[in-house]
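Structure file work.txt with compact mmCIF, C-alpha atoms:
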```
# COMPACT_ATOMS: atom_id res chain seq x y z
CA GLU A 365 -52.40 19.88 -2.36
CA ILE A 366 -51.02 18.83 1.01
CA CYS A 367 -50.34 15.33 -0.34
CA GLY A 368 -48.49 16.86 -3.28
CA CYS A 369 -46.27 18.92 -0.95
CA VAL A 370 -45.51 15.84 1.13
CA HIS A 371 -44.63 13.88 -2.01
CA VAL A 372 -42.25 16.61 -3.18
CA ALA A 373 -40.65 16.83 0.27
CA MET A 374 -40.15 13.06 0.42
CA ALA A 375 -38.68 13.02 -3.08
CA SER A 376 -36.28 15.79 -2.08
CA LEU A 377 -35.28 13.90 1.07
CA THR A 378 -34.69 10.72 -0.94
CA THR A 379 -32.45 12.61 -3.37
CA ARG A 380 -30.47 14.15 -0.53
CA MET A 381 -30.05 10.80 1.22
CA LYS A 382 -28.64 9.27 -1.97
CA GLN A 383 -25.90 11.88 -1.78
CA ILE A 384 -24.87 10.65 1.67
CA VAL A 385 -22.54 7.71 1.19
CA VAL A 386 -20.82 6.36 4.30
CA HIS A 387 -18.06 3.83 3.67
CA ARG A 388 -17.36 1.39 6.49
CA PRO A 389 -13.62 1.14 7.14
CA SER A 390 -11.99 -2.25 6.71
CA LEU A 391 -8.60 -3.94 6.57
CA PRO A 392 -7.40 -6.75 4.30
CA ILE A 393 -7.14 -10.26 5.73
CA LEU A 394 -3.92 -11.99 4.76
CA THR A 395 -3.91 -15.79 4.93
CA ARG A 396 -1.44 -18.33 3.57
CA ALA A 397 -4.03 -19.23 0.93
CA SER A 398 -4.52 -15.61 -0.15
CA GLN A 399 -0.76 -15.16 -0.56
CA THR A 400 -0.59 -18.01 -3.06
CA SER A 401 -3.83 -17.33 -4.95
CA THR A 402 -4.38 -14.90 -7.82
CA GLU A 403 -6.66 -12.00 -6.95
CA ASP A 404 -9.16 -10.83 -9.56
CA GLU A 405 -12.70 -9.51 -9.67
CA SER A 406 -14.11 -13.01 -9.18
CA ASN A 407 -11.76 -13.68 -6.26
CA PRO A 408 -11.47 -10.42 -4.29
CA PRO A 409 -9.40 -10.37 -1.09
CA GLN A 410 -11.37 -10.84 2.12
CA ARG A 411 -11.60 -7.82 4.38
CA PHE A 412 -12.13 -7.29 8.10
CA PRO A 413 -14.79 -4.62 8.84
CA VAL A 414 -13.61 -2.21 11.53
CA ASN A 415 -16.16 -1.44 14.24
CA ARG A 416 -14.39 0.42 17.05
CA ILE A 417 -10.75 1.15 17.89
CA TYR A 418 -9.64 0.89 21.50
CA CYS A 419 -6.14 1.87 22.61
CA VAL A 420 -4.25 0.94 25.78
CA GLY A 421 -2.24 3.72 27.38
CA ARG A 422 1.27 3.22 28.78
CA ASN A 423 1.38 -0.56 28.52
CA TYR A 424 5.20 -0.81 28.36
CA ARG A 425 7.33 0.22 31.32
CA GLU A 426 9.78 2.33 29.29
CA HIS A 427 6.99 4.29 27.61
CA ALA A 428 5.21 4.87 30.94
CA VAL A 429 8.43 6.34 32.34
CA GLU A 430 9.14 8.59 29.34
CA MET A 431 5.58 9.94 29.50
CA GLY A 432 5.92 10.71 33.22
CA GLY A 433 3.72 7.84 34.41
CA ASP A 434 4.04 5.19 37.10
CA PRO A 435 5.73 2.12 35.58
CA ASP A 436 4.35 -0.24 38.22
CA ARG A 437 1.47 -2.48 37.22
CA GLU A 438 -1.72 -0.55 37.86
CA PRO A 439 -5.15 -0.92 36.23
CA PRO A 440 -4.89 -0.15 32.50
CA PHE A 441 -6.60 2.88 31.04
CA PHE A 442 -8.08 3.20 27.58
CA PHE A 443 -8.88 5.79 24.97
CA THR A 444 -10.50 5.40 21.58
CA LYS A 445 -10.11 6.46 17.98
CA PRO A 446 -12.99 6.70 15.49
CA SER A 447 -13.15 3.75 13.12
CA ASN A 448 -12.51 6.01 10.13
CA ALA A 449 -9.11 6.94 11.59
CA ILE A 450 -7.93 3.55 10.30
CA VAL A 451 -5.55 3.63 7.34
CA ASP A 452 -5.11 0.55 5.16
CA VAL A 453 -1.43 1.00 4.31
CA THR A 454 -1.71 -1.57 1.50
CA ASP A 455 -4.15 0.73 -0.33
CA LYS A 456 -1.43 2.82 -1.97
CA ASN A 457 -1.76 4.39 -5.38
CA SER A 458 -0.19 2.78 -8.42
CA GLY A 459 3.47 3.72 -8.61
CA GLU A 460 3.75 4.59 -4.90
CA THR A 461 6.22 2.58 -2.82
CA SER A 462 4.23 3.23 0.37
CA TYR A 463 0.96 4.76 1.53
CA THR A 464 1.16 8.51 2.17
CA VAL A 465 -0.34 9.80 5.42
CA PRO A 466 -0.84 13.58 5.34
CA TYR A 467 0.70 15.56 8.18
CA PRO A 468 -2.24 16.54 10.42
CA PRO A 469 -3.33 20.14 11.01
CA MET A 470 -3.08 22.07 14.29
CA THR A 471 0.15 20.46 15.50
CA SER A 472 3.89 20.95 15.34
CA SER A 473 4.72 17.71 17.17
CA LEU A 474 3.49 14.53 15.49
CA HIS A 475 4.71 11.40 17.28
CA HIS A 476 4.86 7.75 16.22
CA GLU A 477 3.78 4.86 18.47
CA GLY A 478 4.25 1.39 16.95
CA GLU A 479 1.82 -1.20 18.36
CA LEU A 480 0.53 -4.76 18.08
CA VAL A 481 -3.12 -4.67 17.02
CA VAL A 482 -5.63 -7.32 18.13
CA ALA A 483 -8.70 -7.90 15.93
CA ILE A 484 -11.77 -9.15 17.79
CA GLY A 485 -13.82 -11.89 16.10
CA THR A 486 -16.37 -12.66 18.81
CA GLY A 487 -17.19 -10.21 21.55
CA GLY A 488 -18.77 -10.25 24.96
CA LEU A 489 -19.08 -8.54 28.31
CA ARG A 490 -16.95 -9.39 31.35
CA ILE A 491 -14.79 -11.91 29.49
CA PRO A 492 -12.52 -13.97 31.80
CA SER A 493 -8.81 -13.81 30.97
CA HIS A 494 -8.64 -17.55 30.38
CA LYS A 495 -11.32 -17.25 27.67
CA ALA A 496 -10.05 -14.03 26.07
CA ASN A 497 -8.01 -15.75 23.36
CA ASP A 498 -11.20 -17.36 22.06
CA CYS A 499 -12.45 -13.86 21.13
CA ILE A 500 -9.45 -13.04 18.94
CA PHE A 501 -9.79 -13.22 15.17
CA GLY A 502 -6.25 -12.18 14.33
CA TYR A 503 -3.37 -9.76 14.69
CA ALA A 504 -1.83 -6.88 12.76
CA ILE A 505 0.78 -4.17 13.19
CA GLY A 506 -0.28 -0.54 13.49
CA CYS A 507 0.87 2.91 14.50
CA ASP A 508 -0.92 5.20 16.94
CA LEU A 509 -0.11 8.64 15.51
CA THR A 510 -0.35 11.33 18.17
CA ARG A 511 -0.43 15.12 18.18
CA ARG A 512 1.84 15.23 21.23
CA ASP A 513 1.61 18.98 21.82
CA LEU A 514 -2.19 18.79 21.92
CA GLN A 515 -2.03 15.78 24.23
CA ALA A 516 0.33 17.60 26.62
CA ASP A 517 -2.00 20.60 26.68
CA ALA A 518 -5.04 18.35 27.30
CA LYS A 519 -3.26 16.62 30.19
CA LYS A 520 -2.34 19.95 31.75
CA LYS A 521 -5.94 21.17 31.56
CA GLY A 522 -7.55 17.85 32.48
CA ARG A 523 -9.32 17.59 29.14
CA PRO A 524 -10.04 14.56 26.90
CA TRP A 525 -7.43 13.40 24.37
CA ASP A 526 -9.74 13.26 21.33
CA THR A 527 -8.02 16.00 19.30
CA ALA A 528 -4.61 14.51 20.13
CA LYS A 529 -5.43 10.89 19.30
CA GLY A 530 -8.58 10.65 17.17
CA PHE A 531 -7.80 12.73 14.10
CA ASP A 532 -8.01 11.68 10.44
CA PHE A 533 -5.40 9.11 9.31
CA SER A 534 -4.24 8.60 12.92
CA ALA A 535 -4.28 4.78 12.85
CA PRO A 536 -2.19 3.33 9.98
CA CYS A 537 -2.43 -0.45 10.04
CA GLY A 538 -1.15 -3.44 8.10
CA PRO A 539 -3.16 -6.51 7.01
CA ILE A 540 -4.76 -8.77 9.60
CA VAL A 541 -3.42 -12.32 9.86
CA PRO A 542 -5.80 -14.93 11.36
CA LYS A 543 -4.89 -16.03 14.88
CA GLU A 544 -4.36 -19.67 14.01
CA GLU A 545 -1.66 -18.74 11.50
CA ILE A 546 0.35 -16.35 13.69
CA GLN A 547 -0.43 -16.81 17.41
CA ASP A 548 2.37 -19.25 18.27
CA SER A 549 5.04 -17.19 16.52
CA LEU A 550 4.00 -14.05 18.43
CA PHE A 551 3.54 -15.76 21.78
CA PRO A 552 5.36 -19.15 21.75
CA PRO A 553 3.64 -21.80 23.90
CA SER A 554 5.51 -23.24 26.87
CA SER A 555 6.22 -26.40 24.85
CA SER A 556 8.09 -24.39 22.19
CA SER A 557 11.87 -24.14 21.95
CA GLU A 558 11.43 -20.38 21.65
CA THR A 559 11.83 -18.68 25.03
CA THR A 560 10.67 -15.13 24.23
CA SER A 561 7.77 -13.54 22.43
CA ALA A 562 8.08 -11.72 19.12
CA TYR A 563 10.02 -8.47 18.85
CA ILE A 564 8.17 -5.30 17.85
CA SER A 565 10.16 -2.42 16.39
CA LEU A 566 9.66 0.90 14.65
CA GLU A 567 12.11 2.54 12.26
CA VAL A 568 12.07 6.01 10.75
CA ASN A 569 14.08 6.35 7.54
CA GLY A 570 15.85 3.10 8.41
CA GLU A 571 16.85 4.23 11.90
CA LYS A 572 15.46 2.19 14.79
CA ARG A 573 13.57 4.28 17.33
CA GLN A 574 11.42 1.80 19.22
CA GLY A 575 11.87 -1.85 20.11
CA SER A 576 10.75 -4.43 22.67
CA THR A 577 9.53 -7.99 22.97
CA LEU A 578 5.78 -8.40 23.39
CA ASP A 579 6.21 -10.07 26.78
CA ASN A 580 7.29 -6.68 28.13
CA MET A 581 3.69 -5.51 28.05
CA ILE A 582 2.54 -4.60 31.55
CA TRP A 583 -0.89 -6.04 30.71
CA ASN A 584 -0.78 -8.99 28.30
CA VAL A 585 -3.38 -9.46 25.57
CA PRO A 586 -5.81 -11.77 27.45
CA ASP A 587 -5.75 -9.55 30.55
CA THR A 588 -6.26 -6.43 28.42
CA ILE A 589 -9.28 -7.95 26.67
CA SER A 590 -10.74 -9.09 29.99
CA TYR A 591 -10.30 -5.71 31.65
CA LEU A 592 -11.63 -3.75 28.66
CA SER A 593 -14.73 -5.98 28.51
CA LYS A 594 -15.67 -4.87 32.02
CA TYR A 595 -16.40 -1.42 30.61
CA PHE A 596 -17.55 -2.19 27.05
CA LYS A 597 -19.34 -5.09 25.43
CA LEU A 598 -16.75 -6.02 22.83
CA GLN A 599 -18.11 -6.58 19.33
CA PRO A 600 -16.88 -8.40 16.22
CA GLY A 601 -14.83 -5.92 14.23
CA ASP A 602 -13.33 -4.16 17.25
CA LEU A 603 -9.60 -3.44 17.18
CA ILE A 604 -7.39 -3.11 20.24
CA MET A 605 -4.09 -1.26 19.92
CA THR A 606 -2.11 -2.78 22.77
CA GLY A 607 0.34 -0.03 23.68
CA THR A 608 3.75 1.10 22.52
CA PRO A 609 7.34 0.54 23.72
CA GLY A 610 9.59 3.42 24.75
CA GLY A 611 11.27 5.65 22.18
CA VAL A 612 8.37 7.70 20.83
CA SER A 613 9.47 10.86 19.04
CA ASP A 614 8.66 13.38 16.33
CA ILE A 615 8.16 12.59 12.66
CA VAL A 616 8.01 15.16 9.89
CA VAL A 617 6.97 15.47 6.26
CA GLY A 618 9.00 13.10 4.10
CA ASP A 619 9.75 10.56 6.84
CA PHE A 620 9.27 6.87 6.01
CA VAL A 621 7.92 4.86 8.95
CA SER A 622 8.11 1.07 9.18
CA VAL A 623 6.64 -0.94 12.07
CA LYS A 624 7.47 -4.65 12.27
CA CYS A 625 6.69 -7.53 14.61
CA GLY A 626 7.75 -11.12 14.03
CA THR A 627 6.37 -12.50 10.78
CA LEU A 628 3.37 -10.15 10.64
CA PRO A 629 3.19 -7.98 7.50
CA SER A 630 4.85 -4.66 8.28
CA CYS A 631 3.02 -1.37 8.58
CA ASP A 632 4.85 1.01 6.23
CA PHE A 633 3.89 4.57 5.33
CA THR A 634 5.33 7.96 4.45
CA ILE A 635 4.39 11.26 6.07
CA GLY A 636 3.13 13.55 3.33
CA ALA A 637 2.38 17.24 3.09
CA PRO A 638 -0.62 18.61 5.01
CA GLU A 639 -3.95 18.54 3.23
```
Rewrite the structure of this file - the entire thing - as structure tokens.
Amino acid sequence: EICGCVHVAMASLTTRMKQIVVHRPSLPILTRASQTSTEDESNPPQRFPVNRIYCVGRNYREHAVEMGGDPDREPPFFFTKPSNAIVDVTDKNSGETSYTVPYPPMTSSLHHEGELVVAIGTGGLRIPSHKANDCIFGYAIGCDLTRRDLQADAKKKGRPWDTAKGFDFSAPCGPIVPKEEIQDSLFPPSSSSETTSAYISLEVNGEKRQGSTLDNMIWNVPDTISYLSKYFKLQPGDLIMTGTPGGVSDIVVGDFVSVKCGTLPSCDFTIGAPE
């Protein structure tokens, strides 16, 4: 009789577990080959599985100033978003011109922050700056959506930023382009005729709100990776949002947001009605 009860309990547990389906977030990988090939069921696009999302705070002088911070180069600080905050902006419904991100609850001040996103291919702990580029799989463009009123309240009370930064749909992101296909156009080598790095910009309804060259980062990408790896063992699948230029401001329902940087695929989305 006891065995029968155990069998029933295990069967019930198995049934309940089948109802729990957890989808691992991922982003499409866009290569030159994938842009020229025909996608079908036998040739699905490759995807980059998202492990963790790290974000760098105040990594552009103008943004540090507008947020009341010290613009001088001081050790970077980090916060995180859950991996399921990622939004694949290419995954729009048929007939839609852009992905729709619902306006989040519990805020009346949703801000945009356009950022270069670094995708980690090989991780490690205490990675030297001169070896950091070896860890990079590729780059993308993203937007760190922020409930600014909740962030301001958290700062005032000395509380964490989770509710301000880590909510659902808070990390829209474009496709990831492999490093070897984009690195030199983002950060031209010294031998190149180009003298400046790529320009990152964010527009709302066609009006430019943010803009800067990537070399205006206070902490460049290799230094950021190196410093972050002192605190966390970086893993394949990690994303690093590298900070935003000055010009952050409110967006509302109906706004169309477009983040661009060099030849990377843009990150385009529309702010939709609250869920």
Lys597 (chain A): which residues within 7 Å, counting all atoms listed in the file, same-chain residues fewer than 5 positions away excluded, as a list in words?
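Skipping anything fewer than 5 positions along the chain leaves Gly487, Gly488 and Leu489 of chain A.
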Best match for closeness to Ile582 (chain A) among A:Thr606, A:Ile393, A:Tyr503, A:Met381, counting all atoms listed in the file:
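Closest residue, counting all atoms listed in the file: A:Thr606.
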Find the residues around Asp455 (chain A) up to 12 Å (only C-alpha atoms counted), leave out those fewer than 2 positions away in its own chain, and share them as a ChimeraX atom specification.
/A:390-392,450-453,457-465,536-539,631-633
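Going from CA of Asp602 (chain A) over to CA of Val386 (chain A), you cover 18.3 Å.
With distances restricted to all atoms listed in the file, A:Thr608 is the closest residue to Arg573 (chain A) from A:Asn497, A:Ser534, A:Thr608, A:Thr634.
If you measure from each of A:Trp583, A:Ser472, A:Gln599, A:Arg416 to Gln515 (chain A) using only C-alpha atoms, the closest one turns out to be A:Ser472.
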Closest to Val612 (chain A) among A:Lys456, A:Arg511, A:Arg380, A:Arg396, using all atoms listed in the file?
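That would be A:Arg511, the residue with the smallest distance to Val612 (chain A).
Counting only C-alpha atoms, Ala483 (chain A) has the following residues at most 7 Å away, ignoring those fewer than 6 positions along the same chain: Ile500, Phe501, Gly502, Tyr503, Gly601, Asp602, Leu603 and Ile604 of chain A.
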Using CA of His476 (chain A) and CA of Asn569 (chain A) as the two end points, give the distance in Å to one decimal.
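So the answer is 12.7 Å.
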Closest of A:Ile505, A:Val414, A:Ile491, A:Ile540 to Ser622 (chain A) - atom-to-atom distances counting all atoms listed in the file:
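The answer is A:Ile505, which sits nearest to Ser622 (chain A).
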I'd like the box whose edges run along x, y and z of the file and which contains every listed atom of region 484-502 of chain A, padded by 4 Å per side; could you state its centre and edge lengths in Å, one decimal, as AutoDock Vina command-line options?
```
--center_x -12.7 --center_y -13.0 --center_z 23.1 --size_x 20.8 --size_y 17.0 --size_z 25.5
```
Residue nearest Tyr595 (chain A) - candidates A:Pro408, A:Gly626, A:Pro440, A:Pro413, atoms counted: only C-alpha atoms:
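Ranking A:Pro408, A:Gly626, A:Pro440, A:Pro413 by distance to Tyr595 (chain A), first place goes to A:Pro440.
Using only C-alpha atoms, the residues found no farther than 9 Å from Thr527 (chain A), other than those of its own chain fewer than 3 positions away, are A:Arg511, A:Leu514, A:Gln515, A:Ala518, A:Pro524, A:Gly530, A:Phe531.
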For CA of Lys529 (chain A) and CA of Phe441 (chain A), determine how far apart the two atoms are, in Å to one decimal place.
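So the answer is 14.3 Å.
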